[in-house]
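Reproduced below: structure_19.cif, with mmCIF, C-alpha atoms.
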data_run
loop_
_atom_site.label_atom_id
_atom_site.label_comp_id
_atom_site.auth_asym_id
_atom_site.auth_seq_id
_atom_site.Cartn_x
_atom_site.Cartn_y
_atom_site.Cartn_z
CA MET A 1 0.00 0.00 0.00
CA GLY A 2 2.72 2.41 1.02
CA TYR A 3 4.58 1.54 -2.16
CA VAL A 4 1.56 2.37 -4.33
CA ILE A 5 1.18 5.73 -2.63
CA ARG A 6 4.87 6.43 -3.13
CA LEU A 7 4.50 5.70 -6.86
CA ALA A 8 1.44 7.92 -7.10
CA VAL A 9 3.20 10.76 -5.30
CA ILE A 10 6.25 10.57 -7.57
CA LEU A 11 4.10 10.51 -10.69
CA MET A 12 2.02 13.39 -9.40
CA PHE A 13 5.17 15.35 -8.63
CA VAL A 14 6.57 14.83 -12.13
CA GLY A 15 3.22 15.78 -13.66
CA GLY A 16 2.89 18.80 -11.39
CA VAL A 17 6.36 20.15 -12.15
CA SER A 18 5.82 19.71 -15.89
CA ALA A 19 2.39 21.30 -15.82
CA GLY A 20 3.64 24.19 -13.66
CA GLY A 21 6.58 24.82 -15.96
CA LEU A 22 4.35 24.75 -19.03
CA ALA A 23 1.83 27.09 -17.39
CA LEU A 24 4.59 29.59 -16.63
CA LEU A 25 5.92 29.40 -20.16
CA ASN A 26 2.43 29.63 -21.61
CA GLY A 27 1.82 32.82 -19.63
CA LYS A 28 4.84 34.34 -21.36
CA THR A 29 4.29 33.05 -24.87
CA ALA A 30 0.48 33.20 -25.18
CA PRO A 31 0.24 37.02 -25.54
CA ILE A 32 3.04 37.03 -28.12
CA ILE A 33 1.34 34.26 -30.07
CA ALA A 34 -2.03 36.05 -29.91
CA GLU A 35 -0.46 39.28 -31.15
CA TYR A 36 1.25 37.42 -33.96
CA LYS A 37 -2.03 35.76 -34.96
CA ARG A 38 -3.78 39.14 -35.00
CA MET A 39 -1.09 40.59 -37.26
CA GLU A 40 -1.22 37.56 -39.47
CA GLN A 41 -4.98 37.89 -39.90
CA GLU A 42 -4.60 41.57 -40.73
CA GLN A 43 -2.01 40.67 -43.33
CA ALA A 44 -4.27 37.93 -44.70
CA ARG A 45 -7.12 40.45 -45.14
CA LEU A 46 -4.83 42.73 -47.11
CA ASP A 47 -3.53 39.84 -49.18
CA VAL A 48 -6.99 38.83 -50.36
CA MET A 49 -8.11 42.44 -50.87
CA PRO A 50 -5.01 44.29 -52.09
CA ASP A 51 -7.00 47.35 -53.21
CA ALA A 52 -7.75 48.18 -49.59
CA GLU A 53 -4.10 48.97 -48.94
CA PHE A 54 -4.87 52.56 -48.01
CA GLY A 55 -8.37 51.86 -46.76
CA VAL A 56 -9.94 50.21 -43.76
CA PHE A 57 -11.66 46.95 -42.86
CA VAL A 58 -14.81 47.29 -40.80
CA LEU A 59 -15.91 44.25 -38.82
CA ARG A 60 -19.63 43.42 -39.07
CA ASP A 61 -21.77 40.85 -37.27
CA SER A 62 -18.88 39.90 -35.03
CA SER A 63 -21.10 37.82 -32.74
CA SER A 64 -22.80 35.82 -35.49
CA THR A 65 -21.61 32.52 -36.96
CA LEU A 66 -20.40 34.33 -40.05
CA PRO A 67 -18.66 37.57 -39.13
CA TYR A 68 -17.27 39.49 -42.08
CA TYR A 69 -15.32 42.60 -42.93
CA GLU A 70 -16.39 45.39 -45.24
CA ALA A 71 -13.36 46.53 -47.18
CA TYR A 72 -13.09 50.20 -48.10
CA ALA A 73 -10.68 51.86 -50.49
CA ASP A 74 -10.37 54.94 -48.28
CA SER A 75 -9.79 55.43 -44.58
CA ASP A 76 -13.18 57.13 -44.08
CA ALA A 77 -15.07 53.97 -45.05
CA ILE A 78 -17.00 55.55 -47.95
CA GLN A 79 -16.01 53.67 -51.07
CA LEU A 80 -16.97 50.02 -50.56
CA LEU A 81 -14.65 47.58 -52.34
CA GLY A 82 -16.14 44.32 -51.20
CA TYR A 83 -16.17 41.85 -48.34
CA VAL A 84 -13.66 39.66 -46.56
CA PHE A 85 -14.82 36.55 -44.74
CA ALA A 86 -13.52 33.29 -43.37
CA ALA A 87 -14.39 29.92 -44.83
CA SER A 88 -13.41 26.71 -43.14
CA GLY A 89 -14.18 23.09 -43.80
CA ASN A 90 -13.00 19.62 -42.89
CA GLY A 91 -10.06 18.60 -45.02
CA TYR A 92 -8.30 15.27 -45.13
CA SER A 93 -6.93 15.69 -41.60
CA GLY A 94 -8.40 18.53 -39.61
CA THR A 95 -9.91 21.87 -40.44
CA VAL A 96 -8.73 23.94 -43.37
CA GLU A 97 -9.22 27.63 -42.74
CA THR A 98 -9.32 30.10 -45.58
CA VAL A 99 -9.74 33.87 -45.74
CA VAL A 100 -11.61 35.03 -48.82
CA GLY A 101 -12.01 38.45 -50.41
CA VAL A 102 -14.83 39.25 -52.84
CA ASP A 103 -15.66 42.44 -54.69
CA THR A 104 -19.16 43.97 -54.70
CA SER A 105 -20.23 41.80 -57.64
CA TRP A 106 -19.11 38.69 -55.69
CA ASN A 107 -16.10 37.87 -57.78
CA ILE A 108 -13.16 36.58 -55.74
CA THR A 109 -10.31 39.09 -55.32
CA GLY A 110 -8.09 36.56 -53.56
CA ILE A 111 -8.02 33.69 -51.12
CA LYS A 112 -5.50 32.64 -48.52
CA VAL A 113 -5.30 29.39 -46.60
CA ILE A 114 -4.33 30.47 -43.11
CA SER A 115 -4.38 27.17 -41.29
CA GLN A 116 -4.27 23.53 -42.36
CA GLN A 117 -2.88 20.19 -41.23
CA GLU A 118 -3.05 18.37 -44.53
CA THR A 119 -0.73 15.60 -45.68
CA PRO A 120 2.77 16.96 -46.37
CA GLY A 121 3.54 16.68 -50.08
CA LEU A 122 -0.11 16.30 -51.09
CA GLY A 123 -2.72 18.46 -49.37
CA THR A 124 -0.07 20.98 -48.34
CA LYS A 125 0.31 21.83 -52.03
CA ALA A 126 -2.66 24.13 -51.41
CA VAL A 127 -0.12 26.53 -49.91
CA GLU A 128 2.86 25.51 -52.05
CA ILE A 129 4.67 28.26 -53.91
CA ARG A 130 6.21 27.02 -57.12
CA TYR A 131 9.86 27.72 -57.79
CA GLY A 132 10.24 31.20 -59.26
CA GLU A 133 6.70 32.30 -58.33
CA LYS A 134 5.56 34.52 -55.51
CA GLU A 135 2.13 33.22 -54.63
CA PRO A 136 0.70 29.71 -54.22
CA TRP A 137 -0.56 28.54 -57.60
CA PHE A 138 -3.56 26.70 -56.21
CA GLN A 139 -4.92 29.74 -54.41
CA ARG A 140 -4.31 32.09 -57.33
CA GLN A 141 -6.70 30.04 -59.46
CA PHE A 142 -9.61 31.41 -57.44
CA GLU A 143 -8.95 35.03 -58.42
CA ARG A 144 -11.72 36.63 -60.51
CA LYS A 145 -13.91 33.51 -60.26
CA SER A 146 -17.50 33.98 -59.12
CA ALA A 147 -17.56 33.12 -55.42
CA SER A 148 -21.08 31.73 -55.42
CA THR A 149 -20.37 29.09 -58.08
CA VAL A 150 -16.71 28.22 -57.54
CA MET A 151 -16.11 24.45 -57.78
CA VAL A 152 -13.30 21.97 -58.45
CA ASP A 153 -12.95 20.39 -61.88
CA LYS A 154 -14.04 16.98 -60.59
CA ASP A 155 -17.38 18.52 -59.63
CA GLY A 156 -17.70 20.32 -62.96
CA GLY A 157 -16.09 23.59 -61.94
CA GLU A 158 -12.99 25.39 -63.14
CA ILE A 159 -10.62 25.00 -60.18
CA VAL A 160 -7.88 22.51 -61.09
CA SER A 161 -7.64 20.24 -58.07
CA ILE A 162 -4.36 19.23 -56.50
CA THR A 163 -3.11 15.84 -57.70
CA GLY A 164 -3.66 13.28 -54.96
CA ALA A 165 -5.51 15.77 -52.78
CA THR A 166 -8.98 16.08 -54.20
CA ILE A 167 -10.48 16.23 -50.72
CA THR A 168 -8.40 19.26 -49.78
CA SER A 169 -9.18 21.03 -53.05
CA ARG A 170 -12.87 20.28 -52.74
CA THR A 171 -13.02 21.33 -49.09
CA ILE A 172 -11.56 24.74 -49.87
CA SER A 173 -13.79 25.34 -52.89
CA ASN A 174 -16.96 24.18 -51.16
CA ALA A 175 -16.31 26.16 -47.99
CA ILE A 176 -15.79 29.32 -50.03
CA ARG A 177 -18.91 28.75 -52.12
CA ASN A 178 -21.14 27.97 -49.14
CA ASN A 179 -20.04 30.91 -47.07
CA ALA A 180 -20.13 33.27 -50.04
CA ASN A 181 -23.75 32.33 -50.67
CA LEU A 182 -24.67 32.69 -47.01
CA LEU A 183 -23.00 36.08 -46.84
CA LYS A 184 -24.60 37.22 -50.09
CA GLU A 185 -28.03 36.53 -48.61
CA LYS A 186 -27.12 38.25 -45.39
CA VAL A 187 -25.79 41.35 -47.11
CA SER A 188 -28.74 41.66 -49.48
CA LYS A 189 -31.16 41.38 -46.54
CA LYS A 190 -29.25 44.05 -44.73
CA ASN A 191 -29.30 46.35 -47.76
CA GLN A 192 -33.07 45.92 -48.13
CA MET A 193 -33.61 46.76 -44.51
CA GLY A 194 -31.35 49.75 -44.93
CA THR A 195 -33.44 51.15 -47.79
CA VAL A 196 -36.72 50.58 -45.93
CA SER A 197 -35.65 52.39 -42.81
CA MET T 1 31.79 2.10 -24.88
CA SER T 2 33.50 5.45 -25.34
CA SER T 3 31.37 8.56 -25.85
CA GLY T 4 32.60 8.83 -29.43
CA ALA T 5 31.35 5.34 -30.17
CA GLU T 6 27.97 6.21 -28.65
CA LEU T 7 27.79 9.08 -31.11
CA ILE T 8 28.74 7.11 -34.20
CA LYS T 9 26.64 4.01 -33.56
CA GLY T 10 23.43 5.95 -34.23
CA ILE T 11 24.53 6.70 -37.77
CA TRP T 12 25.22 3.20 -39.08
CA THR T 13 25.30 0.15 -36.80
CA GLU T 14 22.31 1.27 -34.75
CA ASN T 15 20.62 3.64 -37.17
CA PRO T 16 17.23 4.31 -35.56
CA VAL T 17 15.27 3.93 -38.79
CA PHE T 18 17.14 1.29 -40.77
CA ARG T 19 18.57 -0.79 -37.92
CA ILE T 20 16.41 -0.45 -34.81
CA ALA T 21 13.37 0.08 -37.05
CA LEU T 22 11.90 2.87 -34.92
CA GLY T 23 10.08 6.02 -35.89
CA PHE T 24 8.46 4.73 -39.06
CA CYS T 25 5.39 6.90 -38.57
CA PRO T 26 7.15 10.28 -38.93
CA VAL T 27 9.50 8.84 -41.55
CA LEU T 28 6.60 7.91 -43.79
CA ALA T 29 4.69 11.09 -43.08
CA VAL T 30 7.38 13.69 -43.72
CA SER T 31 9.88 12.08 -46.09
CA THR T 32 7.89 13.33 -49.10
CA SER T 33 10.43 16.10 -49.55
CA ILE T 34 13.90 16.82 -48.23
CA LYS T 35 12.90 20.13 -46.68
CA ASN T 36 10.12 18.50 -44.64
CA GLY T 37 12.52 15.80 -43.54
CA ILE T 38 15.14 18.25 -42.33
CA GLY T 39 12.52 20.26 -40.43
CA MET T 40 11.27 17.15 -38.68
CA CYS T 41 14.82 16.12 -37.80
CA ILE T 42 15.73 19.44 -36.21
CA ALA T 43 12.63 19.37 -34.03
CA ALA T 44 12.97 15.68 -33.13
CA THR T 45 16.67 15.94 -32.31
CA PHE T 46 16.02 18.89 -30.02
CA VAL T 47 13.37 16.97 -28.09
CA LEU T 48 15.48 13.80 -28.06
CA LEU T 49 18.43 15.69 -26.63
CA CYS T 50 16.36 17.39 -23.91
CA SER T 51 14.48 14.24 -22.93
CA ASN T 52 17.63 12.10 -22.88
CA ILE T 53 19.37 14.61 -20.60
CA MET T 54 16.39 14.95 -18.28
CA ILE T 55 15.70 11.23 -18.05
CA SER T 56 19.35 10.44 -17.46
CA VAL T 57 19.39 12.99 -14.63
CA ILE T 58 16.27 11.64 -12.90
CA ARG T 59 16.84 7.95 -13.73
CA LYS T 60 17.80 6.97 -10.19
CA GLY T 61 14.78 8.60 -8.59
CA VAL T 62 12.16 7.03 -10.84
CA PRO T 63 10.77 3.66 -9.68
CA SER T 64 10.79 1.21 -12.58
CA LYS T 65 7.04 0.52 -12.32
CA ILE T 66 6.06 4.03 -13.34
CA ARG T 67 9.02 4.83 -15.58
CA ILE T 68 7.04 4.80 -18.85
CA PRO T 69 4.39 7.35 -17.73
CA VAL T 70 7.15 9.53 -16.29
CA TYR T 71 9.10 9.42 -19.57
CA ILE T 72 5.99 10.26 -21.54
CA VAL T 73 5.23 13.26 -19.33
CA VAL T 74 8.83 14.49 -19.72
CA ILE T 75 8.77 14.04 -23.50
CA ALA T 76 5.34 15.65 -23.91
CA ALA T 77 6.47 18.60 -21.79
CA PHE T 78 9.53 19.19 -23.98
CA VAL T 79 7.49 18.89 -27.15
CA THR T 80 5.04 21.50 -25.85
CA ILE T 81 7.91 23.76 -24.79
CA ALA T 82 9.46 23.50 -28.25
CA ASP T 83 6.08 24.20 -29.83
CA MET T 84 5.28 27.27 -27.71
CA VAL T 85 8.73 28.84 -27.85
CA MET T 86 8.93 28.37 -31.59
CA HIS T 87 5.43 29.73 -32.11
CA ALA T 88 6.18 32.85 -30.08
CA TYR T 89 9.72 33.69 -31.14
CA GLN T 90 10.17 32.01 -34.53
CA PRO T 91 6.70 32.20 -36.10
CA GLN T 92 8.03 31.66 -39.62
CA LEU T 93 9.85 28.49 -38.62
CA HIS T 94 6.81 27.38 -36.66
CA ARG T 95 4.62 27.84 -39.69
CA ASN T 96 6.89 25.53 -41.68
CA LEU T 97 7.39 22.95 -38.95
CA GLY T 98 4.01 23.39 -37.29
CA ILE T 99 2.54 20.03 -38.18
CA PHE T 100 5.68 18.08 -37.34
CA VAL T 101 6.08 19.25 -33.78
CA PRO T 102 3.04 17.45 -32.28
CA LEU T 103 4.13 14.38 -34.26
CA ILE T 104 7.26 14.13 -32.14
CA VAL T 105 5.27 12.95 -29.12
CA VAL T 106 4.42 9.79 -31.00
CA ASN T 107 7.93 9.39 -32.36
CA CYS T 108 8.97 6.14 -30.73
CA ILE T 109 12.67 6.92 -31.24
CA ILE T 110 12.42 9.36 -28.35
CA LEU T 111 10.68 6.99 -25.94
CA GLY T 112 12.80 4.12 -27.26
CA ARG T 113 16.06 5.90 -26.47
CA ALA T 114 14.76 7.04 -23.09
CA GLU T 115 13.91 3.45 -22.19
CA ALA T 116 16.83 1.66 -23.83
CA PHE T 117 19.61 4.13 -23.19
CA ALA T 118 19.12 7.27 -21.11
CA SER T 119 17.54 5.38 -18.21
CA LYS T 120 20.65 3.23 -17.89
CA HIS T 121 23.50 5.61 -18.73
CA GLY T 122 25.02 8.84 -17.47
CA VAL T 123 24.25 12.29 -18.79
CA TRP T 124 27.31 12.65 -21.03
CA HIS T 125 26.76 9.37 -22.84
CA SER T 126 23.04 10.13 -23.13
CA ILE T 127 23.84 13.43 -24.85
CA MET T 128 26.13 11.64 -27.30
CA ASP T 129 23.49 8.98 -27.89
CA ALA T 130 20.84 11.63 -28.59
CA ILE T 131 23.06 13.51 -31.05
CA GLY T 132 24.08 10.30 -32.81
CA MET T 133 20.51 9.07 -33.07
CA GLY T 134 19.45 12.50 -34.31
CA ILE T 135 22.06 12.40 -37.06
CA GLY T 136 21.10 8.84 -37.96
CA PHE T 137 17.44 9.81 -38.16
CA THR T 138 18.36 12.83 -40.31
CA CYS T 139 20.43 10.72 -42.71
CA ALA T 140 17.62 8.19 -43.10
CA LEU T 141 14.99 10.88 -43.70
CA ILE T 142 17.15 12.73 -46.21
CA ALA T 143 17.98 9.51 -48.08
CA ILE T 144 14.31 8.54 -48.36
CA GLY T 145 13.33 12.17 -49.02
CA ILE T 146 15.72 12.47 -51.97
CA VAL T 147 14.24 9.42 -53.69
CA ARG T 148 10.63 10.39 -53.03
CA GLU T 149 10.95 14.06 -53.92
CA LEU T 150 13.04 13.47 -57.03
CA LEU T 151 10.94 10.68 -58.52
CA GLY T 152 7.59 11.68 -57.06
CA ASP T 153 7.76 15.40 -57.75
CA GLY T 154 10.71 15.88 -60.11
CA LYS T 155 12.36 18.27 -57.68
CA LEU T 156 15.15 18.44 -55.12
CA LEU T 157 14.76 20.87 -52.22
CA GLY T 158 11.96 22.51 -54.20
CA PHE T 159 14.08 23.19 -57.31
CA PRO T 160 12.80 21.53 -60.46
CA ILE T 161 15.46 19.04 -61.56
CA LEU T 162 13.87 16.66 -63.99
CA GLY T 163 12.09 19.32 -66.04
CA ASN T 164 8.50 19.70 -67.21
CA SER T 165 8.48 16.70 -69.52
CA TYR T 166 9.02 14.40 -66.55
CA GLU T 167 5.81 12.75 -65.41
CA PRO T 168 6.05 12.47 -61.60
CA VAL T 169 5.37 9.08 -60.04
CA ILE T 170 2.62 10.15 -57.63
CA LEU T 171 2.78 6.77 -55.91
CA LEU T 172 6.11 7.70 -54.37
CA ILE T 173 4.67 10.78 -52.67
CA LEU T 174 1.78 8.74 -51.29
CA ALA T 175 2.20 6.51 -48.23
CA PRO T 176 2.75 3.26 -50.18
CA GLY T 177 5.68 4.89 -51.94
CA GLY T 178 7.20 5.63 -48.55
CA PHE T 179 6.94 1.97 -47.57
CA ILE T 180 8.38 0.79 -50.88
CA THR T 181 11.33 3.20 -50.76
CA MET T 182 12.06 2.36 -47.15
CA GLY T 183 11.76 -1.37 -47.75
CA LEU T 184 14.15 -1.27 -50.69
CA MET T 185 16.66 0.77 -48.71
CA LEU T 186 16.41 -1.57 -45.71
CA GLY T 187 16.94 -4.52 -48.02
CA GLY T 188 19.91 -2.82 -49.68
CA LEU T 189 21.56 -2.10 -46.34
CA ASN T 190 21.02 -5.69 -45.18
CA LEU T 191 22.58 -6.90 -48.43
CA ILE T 192 25.67 -4.77 -47.87
CA ASP T 193 25.95 -6.06 -44.31
CA ALA T 194 25.52 -9.68 -45.36
CA ARG T 195 28.23 -9.33 -47.99
CA ARG T 196 30.56 -7.78 -45.45
CA LYS T 197 29.98 -10.58 -43.01
CA ARG T 198 30.61 -13.20 -45.66
CA LYS T 199 33.88 -11.55 -46.61
CA ALA T 200 34.91 -11.34 -42.98
CA GLY T 201 33.99 -15.01 -42.52
CA LYS T 202 36.23 -16.12 -45.36
#

So, in terms of structure tokens, how does the structure I just supplied come out?
Amino acid sequence: MGYVIRLAVILMFVGGVSAGGLALLNGKTAPIIAEYKRMEQEQARLDVMPDAEFGVFVLRDSSSTLPYYEAYADSDAIQLLGYVFAASGNGYSGTVETVVGVDTSWNITGIKVISQQETPGLGTKAVEIRYGEKEPWFQRQFERKSASTVMVDKDGGEIVSITGATITSRTISNAIRNNANLLKEKVSKKNQMGTVS
Amino acid sequence: MSSGAELIKGIWTENPVFRIALGFCPVLAVSTSIKNGIGMCIAATFVLLCSNIMISVIRKGVPSKIRIPVYIVVIAAFVTIADMVMHAYQPQLHRNLGIFVPLIVVNCIILGRAEAFASKHGVWHSIMDAIGMGIGFTCALIAIGIVRELLGDGKLLGFPILGNSYEPVILLILAPGGFITMGLMLGGLNLIDARRKRKAGK
């Protein structure tokens, strides 16, 4: 009995020291990581909506399931360029998160995969930058396509899917299409209400 | 054994992948390209070094009945430390290595070395063992990575080598290709060893 308790105490001690050490370290690194993520998201918004370089992004519906940003060309938020929203779906292994920019006629201005855990060498080609190029070829395909109908070639669309990673390609396309359609409805409702009142 | 021998054994006679046959899971997962392989190796060697040192230090205080859970806690703690520190201070590196870091917890080379070596040897030899095993793991991953990236993607380190007319063998990038490449290499190494032994016998 005494031996069992001794074992338990030792194990608890090792676990406690490790957990305490990690908690301390987490307290130091968590704010830095959060700040980095915030900057990264800001950069992602600019990447998918390059015309807003001198403008602002205004967050709308932040508490809903589909928050989105209105992108303006100027800092006074007068000239509306389009919308930026997130689209995520289940890929081959885990969630694939994408940030999408669309102009006011719902054509895609750019997309950026911001988080994924896909298979290295296959699904990760969604973020691969070919030698001599500056942007990932897979994501560039989406530019100027209509967001509400975007689809991979295997489903009859025009996005060339990644070889060996159809699931990843399809996940990204479908998530963008679904959320674009949801947002389109939401925005048009809002505009109607705006004209009534 | 001298500390130098502990270092060198990990590279050939006790190569963790080809000889002890450990760590197949990360080998198959990340040997699709050389760059991935190197990233995994840096992260794994760091954790292996830290866990070997720590386990060698505490080896006399840990009762043998609970040694495995203790080792796992130590290893998991170091993996999390590596993950958090890298995420906070080297975000670019973390973005590239991100998916490999959690994989290290399940890398049986680390637990294998803790159990087979660090728990029975002093700190200095454990450090040498960790570095040697790390180099051995790196060599194995690079060797497999070269074959898979070159034939499966027509590239080396991301540079196109075989040109546009080359039709990549997708199979090699997929998991079965990893098994096939590794199996052929294992067989090749065994053949070399068998020949050597025969020569020595005569």

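Here the question is which of A:Pro120, A:Gly16, A:Gly27, A:Gly110 gets nearest to chain T using all atoms listed in the file, and that residue is A:Pro120.
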
- Any idea what's packed within 6 Å of region 78-82 of chain A, counting only C-alpha atoms, ignoring anything in its chain fewer than 4 positions away? Could you give it as an MDAnalysis selection string? chainID A and resid 71:73 102:104

- Residues of chain A near chain T: apply a cut-off of 6 Å, count only C-alpha atoms, and supply the list as a PyMOL selection string. chain A and resi 29+32-33+121

- Task: Find the distance between CA of Tyr83 (chain A) and CA of Ala175 (chain A) and write it in Å to one decimal.
- Result: 15.7 Å

- Any chance you could work out the residue set of the PyMOL selection byres ((chain T and resi 129) around 9) here, as a ChimeraX atom specification? /T:3,5-10,49,52,113,117-118,124-128,130-134

Output for the residues just chosen: C-alpha atoms as a PDB file, keeping the file's coordinate frame:
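Generated file (selection_10.pdb):
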ATOM      1  CA  SER T   3      31.370   8.560 -25.850  1.00  0.00           C
ATOM      2  CA  ALA T   5      31.350   5.340 -30.170  1.00  0.00           C
ATOM      3  CA  GLU T   6      27.970   6.210 -28.650  1.00  0.00           C
ATOM      4  CA  LEU T   7      27.790   9.080 -31.110  1.00  0.00           C
ATOM      5  CA  ILE T   8      28.740   7.110 -34.200  1.00  0.00           C
ATOM      6  CA  LYS T   9      26.640   4.010 -33.560  1.00  0.00           C
ATOM      7  CA  GLY T  10      23.430   5.950 -34.230  1.00  0.00           C
ATOM      8  CA  LEU T  49      18.430  15.690 -26.630  1.00  0.00           C
ATOM      9  CA  ASN T  52      17.630  12.100 -22.880  1.00  0.00           C
ATOM     10  CA  ARG T 113      16.060   5.900 -26.470  1.00  0.00           C
ATOM     11  CA  PHE T 117      19.610   4.130 -23.190  1.00  0.00           C
ATOM     12  CA  ALA T 118      19.120   7.270 -21.110  1.00  0.00           C
ATOM     13  CA  TRP T 124      27.310  12.650 -21.030  1.00  0.00           C
ATOM     14  CA  HIS T 125      26.760   9.370 -22.840  1.00  0.00           C
ATOM     15  CA  SER T 126      23.040  10.130 -23.130  1.00  0.00           C
ATOM     16  CA  ILE T 127      23.840  13.430 -24.850  1.00  0.00           C
ATOM     17  CA  MET T 128      26.130  11.640 -27.300  1.00  0.00           C
ATOM     18  CA  ALA T 130      20.840  11.630 -28.590  1.00  0.00           C
ATOM     19  CA  ILE T 131      23.060  13.510 -31.050  1.00  0.00           C
ATOM     20  CA  GLY T 132      24.080  10.300 -32.810  1.00  0.00           C
ATOM     21  CA  MET T 133      20.510   9.070 -33.070  1.00  0.00           C
ATOM     22  CA  GLY T 134      19.450  12.500 -34.310  1.00  0.00           C
TER      23      GLY T 134
END

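Going from CA of Lys120 (chain T) over to CA of Met54 (chain T), you cover 12.5 Å.
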
- Item | Output check: residues returned by the PyMOL selection byres ((chain A and resi 128) around 12), as JSON, numbers by chain | {"A": [112, 113, 118, 120, 121, 122, 123, 124, 125, 126, 127, 129, 130, 131, 132, 133, 134, 135, 136, 137, 138, 139, 140, 162], "T": [96, 158]}

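Taking CA of Val147 (chain T) and CA of Glu14 (chain T) as endpoints, the distance between them is 22.1 Å.
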
Taking the partial coordinates given, rebuild region 141-154 of chain A to contain N, CA and C atoms; return it as a compact mmCIF listing (two decimals), keeping the file's coordinate frame.
# COMPACT_ATOMS: atom_id res chain seq x y z
N GLN A 141 -5.66 30.46 -58.52
CA GLN A 141 -6.70 30.04 -59.46
C GLN A 141 -8.06 30.67 -59.15
N PHE A 142 -8.28 30.96 -57.85
CA PHE A 142 -9.61 31.41 -57.44
C PHE A 142 -9.86 32.86 -57.84
N GLU A 143 -8.78 33.61 -58.14
CA GLU A 143 -8.95 35.03 -58.42
C GLU A 143 -9.87 35.25 -59.62
N ARG A 144 -10.77 36.21 -59.48
CA ARG A 144 -11.72 36.63 -60.51
C ARG A 144 -12.78 35.58 -60.83
N LYS A 145 -12.82 34.48 -60.07
CA LYS A 145 -13.91 33.51 -60.26
C LYS A 145 -15.11 33.99 -59.43
N SER A 146 -16.31 33.61 -59.88
CA SER A 146 -17.50 33.98 -59.12
C SER A 146 -17.58 33.15 -57.84
N ALA A 147 -17.64 33.82 -56.70
CA ALA A 147 -17.56 33.12 -55.42
C ALA A 147 -18.72 32.19 -55.19
N SER A 148 -19.90 32.53 -55.74
CA SER A 148 -21.08 31.73 -55.42
C SER A 148 -21.17 30.46 -56.26
N THR A 149 -20.30 30.31 -57.26
CA THR A 149 -20.37 29.09 -58.08
C THR A 149 -19.03 28.37 -58.16
N VAL A 150 -18.05 28.80 -57.40
CA VAL A 150 -16.71 28.22 -57.54
C VAL A 150 -16.73 26.74 -57.15
N MET A 151 -16.05 25.90 -57.96
CA MET A 151 -16.11 24.45 -57.78
C MET A 151 -14.86 23.82 -58.36
N VAL A 152 -14.47 22.64 -57.86
CA VAL A 152 -13.30 21.97 -58.45
C VAL A 152 -13.69 21.27 -59.74
N ASP A 153 -12.68 20.98 -60.57
CA ASP A 153 -12.95 20.39 -61.88
C ASP A 153 -13.68 19.05 -61.78
N LYS A 154 -13.38 18.29 -60.71
CA LYS A 154 -14.04 16.98 -60.59
C LYS A 154 -15.54 17.12 -60.33
